[in-house]
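Trainee: You'll find work_6.cif just under this line, and it carries mmCIF, C-alpha atoms.
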```
data_work
loop_
_atom_site.group_PDB
_atom_site.id
_atom_site.type_symbol
_atom_site.label_atom_id
_atom_site.label_comp_id
_atom_site.auth_asym_id
_atom_site.auth_seq_id
_atom_site.Cartn_x
_atom_site.Cartn_y
_atom_site.Cartn_z
ATOM 1 C CA MET F 1 18.142 7.498 6.237
ATOM 2 C CA GLY F 2 16.978 4.517 4.196
ATOM 3 C CA LYS F 3 14.178 2.061 4.856
ATOM 4 C CA ALA F 4 14.506 -0.887 7.208
ATOM 5 C CA GLY F 5 15.266 -3.160 4.280
ATOM 6 C CA ASP F 6 18.305 -1.070 3.381
ATOM 7 C CA LEU F 7 20.161 -1.704 6.620
ATOM 8 C CA LEU F 8 18.795 -5.165 7.344
ATOM 9 C CA GLY F 9 19.728 -6.330 3.866
ATOM 10 C CA TYR F 10 23.347 -6.548 4.998
ATOM 11 C CA LYS F 11 24.558 -9.741 6.640
ATOM 12 C CA LEU F 12 26.948 -7.688 8.776
ATOM 13 C CA ALA F 13 23.969 -5.775 10.204
ATOM 14 C CA THR F 14 21.787 -8.801 10.891
ATOM 15 C CA ASP F 15 24.685 -10.776 12.404
ATOM 16 C CA PHE F 16 25.540 -7.789 14.575
ATOM 17 C CA LEU F 17 21.953 -7.375 15.819
ATOM 18 C CA VAL F 18 21.678 -11.087 16.630
ATOM 19 C CA GLY F 19 24.939 -10.818 18.571
ATOM 20 C CA VAL F 20 23.696 -7.832 20.558
ATOM 21 C CA GLY F 21 20.019 -8.629 21.056
ATOM 22 C CA GLY F 22 19.536 -12.326 20.326
ATOM 23 C CA ASN F 23 17.881 -14.260 17.503
ATOM 24 C CA ASP F 24 14.690 -12.165 17.420
ATOM 25 C CA ALA F 25 16.428 -8.775 17.534
ATOM 26 C CA VAL F 26 16.444 -8.417 13.738
ATOM 27 C CA GLU F 27 12.666 -8.777 13.543
ATOM 28 C CA VAL F 28 12.147 -6.368 16.458
ATOM 29 C CA VAL F 29 14.329 -3.781 14.715
ATOM 30 C CA ARG F 30 12.566 -4.417 11.378
ATOM 31 C CA ILE F 31 9.136 -3.797 12.922
ATOM 32 C CA CYS F 32 10.300 -0.558 14.571
ATOM 33 C CA LEU F 33 12.014 0.697 11.432
ATOM 34 C CA ASP F 34 8.947 -0.136 9.321
ATOM 35 C CA LYS F 35 7.002 2.192 11.623
ATOM 36 C CA ASN F 36 9.396 5.076 10.859
ATOM 37 C CA GLY F 37 11.738 3.950 13.615
ATOM 38 C CA LYS F 38 9.313 4.562 16.500
ATOM 39 C CA CYS F 39 6.824 2.157 18.054
ATOM 40 C CA LEU F 40 5.375 0.800 21.259
ATOM 41 C CA ASP F 41 6.496 -2.551 22.596
ATOM 42 C CA GLU F 42 2.835 -3.594 22.286
ATOM 43 C CA ASP F 43 3.032 -2.852 18.526
ATOM 44 C CA ILE F 44 5.948 -5.269 18.263
ATOM 45 C CA GLU F 45 4.098 -7.882 20.307
ATOM 46 C CA ALA F 46 1.111 -7.654 17.949
ATOM 47 C CA LYS F 47 3.381 -8.474 14.978
ATOM 48 C CA MET F 48 5.467 -11.116 16.742
ATOM 49 C CA LYS F 49 2.971 -13.638 18.054
ATOM 50 C CA ASN F 50 5.728 -16.068 19.106
ATOM 51 C CA LEU F 51 7.239 -13.705 21.726
ATOM 52 C CA LYS F 52 5.918 -12.517 25.070
ATOM 53 C CA ILE F 53 6.024 -8.815 25.838
ATOM 54 C CA THR F 54 8.695 -9.468 28.491
ATOM 55 C CA GLU F 55 10.947 -11.105 25.882
ATOM 56 C CA ILE F 56 10.455 -8.160 23.518
ATOM 57 C CA ARG F 57 11.291 -5.709 26.303
ATOM 58 C CA SER F 58 14.391 -7.735 27.132
ATOM 59 C CA ILE F 59 15.567 -7.462 23.508
ATOM 60 C CA LEU F 60 14.814 -3.734 23.456
ATOM 61 C CA ASN F 61 16.732 -3.272 26.705
ATOM 62 C CA ARG F 62 19.787 -5.108 25.288
ATOM 63 C CA LEU F 63 19.622 -2.837 22.239
ATOM 64 C CA HIS F 64 19.164 0.170 24.543
ATOM 65 C CA TYR F 65 22.312 -0.778 26.451
ATOM 66 C CA ARG F 66 24.307 -0.370 23.206
ATOM 67 C CA GLY F 67 22.547 2.884 22.253
ATOM 68 C CA ILE F 68 20.665 1.266 19.358
ATOM 69 C CA ALA F 69 17.220 1.642 20.901
ATOM 70 C CA CYS F 70 16.048 4.548 23.002
ATOM 71 C CA TYR F 71 12.686 5.287 24.499
ATOM 72 C CA ASN F 72 10.348 8.074 25.492
ATOM 73 C CA LYS F 73 8.310 7.379 28.638
ATOM 74 C CA THR F 74 4.853 8.903 29.100
ATOM 75 C CA LYS F 75 2.441 8.397 31.984
ATOM 76 C CA ASN F 76 -1.259 7.765 31.440
ATOM 77 C CA LYS F 77 -3.021 10.136 33.852
ATOM 78 C CA ASN F 78 -6.072 7.870 34.188
ATOM 79 C CA SER F 79 -4.389 4.521 34.822
ATOM 80 C CA GLY F 80 -1.030 5.690 36.188
ATOM 81 C CA TRP F 81 0.734 3.255 33.838
ATOM 82 C CA TYR F 82 3.749 4.241 31.770
ATOM 83 C CA THR F 83 3.899 3.828 28.019
ATOM 84 C CA TYR F 84 7.267 3.423 26.334
ATOM 85 C CA THR F 85 7.721 4.578 22.759
ATOM 86 C CA TRP F 86 10.853 2.940 21.396
ATOM 87 C CA GLU F 87 13.024 4.354 18.651
ATOM 88 C CA ILE F 88 15.726 2.528 16.710
ATOM 89 C CA LYS F 89 18.840 4.503 15.795
ATOM 90 C CA GLN F 90 20.065 3.123 12.449
ATOM 91 C CA ARG F 91 23.028 5.462 12.531
ATOM 92 C CA ARG F 92 24.182 3.930 15.840
ATOM 93 C CA ILE F 93 23.909 0.404 14.416
ATOM 94 C CA VAL F 94 26.115 1.408 11.498
ATOM 95 C CA GLU F 95 28.602 3.199 13.779
ATOM 96 C CA LEU F 96 28.965 0.143 16.004
ATOM 97 C CA ILE F 97 29.368 -2.196 13.028
ATOM 98 C CA LEU F 98 31.984 0.071 11.442
ATOM 99 C CA GLU F 99 33.892 0.219 14.724
ATOM 100 C CA GLN F 100 33.761 -3.560 15.211
ATOM 101 C CA GLN F 101 34.577 -4.417 11.617
ATOM 102 C CA SER F 102 37.458 -1.955 11.308
ATOM 103 C CA GLU F 103 39.182 -4.033 14.019
ATOM 104 C CA GLN F 104 38.415 -7.203 12.024
ATOM 105 C CA LEU F 105 39.776 -5.532 8.881
ATOM 106 C CA GLN F 106 43.027 -4.641 10.646
ATOM 107 C CA LYS F 107 43.414 -8.241 11.842
ATOM 108 C CA LEU F 108 42.846 -9.582 8.326
ATOM 109 C CA GLU F 109 45.332 -7.119 6.826
ATOM 110 C CA THR F 110 47.931 -8.051 9.456
ATOM 111 C CA LYS F 111 47.314 -11.756 8.781
ATOM 112 C CA ALA F 112 47.650 -11.227 5.006
ATOM 113 C CA ARG F 113 50.981 -9.426 5.506
ATOM 114 C CA PHE F 114 52.262 -12.088 7.927
ATOM 115 C CA ASP F 115 51.124 -15.050 5.838
ATOM 116 C CA GLY F 116 52.478 -13.443 2.672
ATOM 117 C CA SER F 117 55.927 -12.955 4.155
ATOM 118 C CA HIS F 118 56.343 -16.318 5.909
ATOM 119 C CA GLU F 119 56.648 -19.885 4.768
ATOM 120 C CA PHE F 120 54.373 -22.487 6.367
ATOM 121 C CA PHE F 121 54.491 -26.266 6.601
ATOM 122 C CA VAL F 122 51.813 -28.886 7.233
ATOM 123 C CA CYS F 123 51.546 -32.682 7.387
ATOM 124 C CA LYS F 124 49.296 -34.779 5.128
ATOM 125 C CA LYS F 125 46.624 -34.920 7.850
ATOM 126 C CA ALA F 126 46.720 -31.085 8.107
ATOM 127 C CA CYS F 127 46.966 -31.296 11.916
ATOM 128 C CA GLU F 128 48.437 -27.837 12.335
ATOM 129 C CA GLU F 129 49.923 -25.331 9.922
ATOM 130 C CA THR F 130 53.315 -24.306 11.273
ATOM 131 C CA ALA F 131 55.649 -21.419 10.419
ATOM 132 C CA PHE F 132 59.074 -22.347 9.022
ATOM 133 C CA GLU F 133 60.936 -21.395 12.202
ATOM 134 C CA ILE F 134 58.797 -23.699 14.358
ATOM 135 C CA ALA F 135 58.698 -26.500 11.765
ATOM 136 C CA ALA F 136 62.509 -26.416 11.644
ATOM 137 C CA GLN F 137 62.661 -26.825 15.444
ATOM 138 C CA TYR F 138 60.570 -29.999 15.055
ATOM 139 C CA GLU F 139 62.826 -31.125 12.181
ATOM 140 C CA PHE F 140 59.818 -30.767 9.859
ATOM 141 C CA ARG F 141 57.893 -33.454 11.706
ATOM 142 C CA CYS F 142 54.335 -32.618 12.781
ATOM 143 C CA PRO F 143 54.235 -31.932 16.532
ATOM 144 C CA GLU F 144 50.742 -33.540 16.629
ATOM 145 C CA CYS F 145 51.139 -36.797 14.669
ATOM 146 C CA GLY F 146 54.865 -37.054 13.888
ATOM 147 C CA ASP F 147 54.428 -37.222 10.065
ATOM 148 C CA MET F 148 56.709 -35.265 7.747
ATOM 149 C CA MET F 149 55.568 -31.717 6.997
ATOM 150 C CA ASN F 150 55.673 -30.167 3.541
ATOM 151 C CA PRO F 151 55.570 -26.523 2.409
ATOM 152 C CA VAL F 152 52.140 -24.896 2.026
ATOM 153 C CA ASP F 153 51.288 -22.771 -1.015
ATOM 154 C CA ASN F 154 50.606 -19.438 0.675
ATOM 155 C CA LYS F 155 49.430 -17.728 -2.500
ATOM 156 C CA LYS F 156 45.937 -19.207 -2.324
ATOM 157 C CA LYS F 157 45.660 -18.540 1.404
ATOM 158 C CA VAL F 158 46.744 -14.907 1.022
ATOM 159 C CA LYS F 159 44.445 -14.522 -1.985
ATOM 160 C CA ASP F 160 41.502 -15.822 0.115
ATOM 161 C CA ILE F 161 42.326 -13.338 2.888
ATOM 162 C CA GLN F 162 42.571 -10.523 0.315
ATOM 163 C CA HIS F 163 39.145 -11.560 -1.011
ATOM 164 C CA GLN F 164 37.735 -11.384 2.548
ATOM 165 C CA ILE F 165 39.279 -7.918 2.966
ATOM 166 C CA THR F 166 37.801 -6.701 -0.330
ATOM 167 C CA SER F 167 34.344 -8.088 0.509
ATOM 168 C CA LEU F 168 34.415 -6.569 3.977
ATOM 169 C CA LYS F 169 35.534 -3.157 2.656
ATOM 170 C CA THR F 170 32.770 -3.221 0.021
ATOM 171 C CA GLU F 171 30.080 -4.017 2.578
ATOM 172 C CA LEU F 172 31.419 -1.395 5.010
ATOM 173 C CA ASN F 173 31.407 1.246 2.255
ATOM 174 C CA GLU F 174 27.810 0.347 1.394
ATOM 175 C CA LEU F 175 26.798 0.553 5.067
ATOM 176 C CA GLN F 176 28.393 3.994 5.374
ATOM 177 C CA LYS F 177 26.103 5.234 2.589
ATOM 178 C CA ILE F 178 23.093 4.444 4.786
ATOM 179 C CA MET F 179 24.329 6.975 7.336
#
```
Take the structure in this file and express it as structure tokens.
Mentor:
Amino acid sequence: MGKAGDLLGYKLATDFLVGVGGNDAVEVVRICLDKNGKCLDEDIEAKMKNLKITEIRSILNRLHYRGIACYNKTKNKNSGWYTYTWEIKQRRIVELILEQQSEQLQKLETKARFDGSHEFFVCKKACEETAFEIAAQYEFRCPECGDMMNPVDNKKKVKDIQHQITSLKTELNELQKIM
């Protein structure tokens, strides 16, 4: 497994963590991973002066819900208090991202196939891009503003989608190497 910087250097990973744990989740994960993946919530609090311990625990619990963070609970025999040692599972982060992004990849590939095999029309104001069949029903007048619609050059649109697909596949392949 790589260092924290390896995984958190990917926008997909940081965006995913923000989505799961909130804006400060990336920093919480970074602190844990910098400590070999295991740390106390008090260790995180010491590094993140802007957050209360309750906020840190809330983030850790949201990550725990998704299987990203897990903990080991030990009881102090003198005080009776519990101490939680948290561990971040990089592998689980990557698994969840791969699962989520494979769905996104399928949607993009379906869109590229659909857009590449259909003709679209749009008015000068670009109110709404409309497939040929629907544009014909409106006699090639925009259903929004009533202006005439003209054909759209799909090549650029499909090329942009293909670029998104290539970028996503590249980043997913790189993430898989971390596992």
Trainee: Write out as a ChimeraX atom specification which residues come within 8 Å of range 86-97 of chain F when counting all atoms listed in the file, dropping same-chain ones fewer than 5 positions away.
Mentor: /F:1,7,12-13,16,29,32-33,37-41,67-72,175-176,178-179
Trainee: Residues picked by the PyMOL selection byres ((chain F and resi 113) around 12) here, as a ChimeraX atom specification?
Mentor: /F:106-112,114-119,154-155,157-159,161-162
Trainee: Tell me, as a PDB file with C-alpha atoms, keeping the file's coordinate frame, which residues lie within 10 Å of Glu129 in chain F, counting all atoms listed in the file; anything in the same chain fewer than 3 positions away does not count.
Mentor:
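Written file, result-v7.pdb:
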```pdb
ATOM      1  CA  PHE F 120      54.373 -22.487   6.367  1.00  0.00           C
ATOM      2  CA  PHE F 121      54.491 -26.266   6.601  1.00  0.00           C
ATOM      3  CA  VAL F 122      51.813 -28.886   7.233  1.00  0.00           C
ATOM      4  CA  CYS F 123      51.546 -32.682   7.387  1.00  0.00           C
ATOM      5  CA  ALA F 126      46.720 -31.085   8.107  1.00  0.00           C
ATOM      6  CA  PHE F 132      59.074 -22.347   9.022  1.00  0.00           C
ATOM      7  CA  ALA F 135      58.698 -26.500  11.765  1.00  0.00           C
ATOM      8  CA  CYS F 142      54.335 -32.618  12.781  1.00  0.00           C
ATOM      9  CA  MET F 149      55.568 -31.717   6.997  1.00  0.00           C
ATOM     10  CA  ASN F 150      55.673 -30.167   3.541  1.00  0.00           C
ATOM     11  CA  PRO F 151      55.570 -26.523   2.409  1.00  0.00           C
ATOM     12  CA  VAL F 152      52.140 -24.896   2.026  1.00  0.00           C
TER      13      VAL F 152
END
```
Trainee: Record the distance separating CA of Leu51 in chain F and CA of Tyr10 in chain F, expressed in Å with one decimal.
Mentor: 24.3 Å
Trainee: Which value, in Å to one decimal, gives the distance between CA of Glu174 in chain F and CA of Asp6 in chain F?
Mentor: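 These atoms are spaced 9.8 Å apart.
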Trainee: Taking all listed atoms of range 160-177 of chain F, build the axis-aligned box, pad each of the six sides by 8 Å, then write its centre and edge lengths in Å to one decimal as lines of an AutoDock Vina configuration file.
Mentor:
```
center_x = 34.3
center_y = -5.3
center_z = 2.2
size_x = 32.5
size_y = 37.1
size_z = 22.4
```
Trainee: In Å, with one decimal, what is the gap from CA of Leu168 in chain F to CA of Val18 in chain F?
Mentor: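 Computed distance, CA of Leu168 in chain F to CA of Val18 in chain F, equals 18.5 Å.
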Trainee: I need the residue set behind the PyMOL selection byres ((chain F and resi 53-57) around 8) for this file; please write it as a list in words.
Mentor: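 So the PyMOL selection byres ((chain F and resi 53-57) around 8), applied here, picks out Val28, Asp41, Glu42, Ile44, Glu45, Leu51, Lys52, Ser58, Ile59, Leu60 and Asn61 of chain F.
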Trainee: I want to know what sits within 8 Å of Val20 in chain F, based on only C-alpha atoms, with residues of the same chain fewer than 3 positions away left out; could you give that as a list in words?
Mentor: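 Everything that qualifies: Phe16, Leu17, Ala25, Arg62, Leu63 and Arg66 of chain F.
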Trainee: Of the candidates F:Cys127, F:Leu105, F:Val26, F:Leu8, which one gets nearest to Pro143 in chain F if we count only C-alpha atoms?
Mentor: F:Cys127
Trainee: When distances are computed from all atoms listed in the file, which of F:Ser167, F:Thr130, F:Asn50, F:Ser79 shows the smallest separation from Gln101 in chain F?
Mentor: F:Ser167
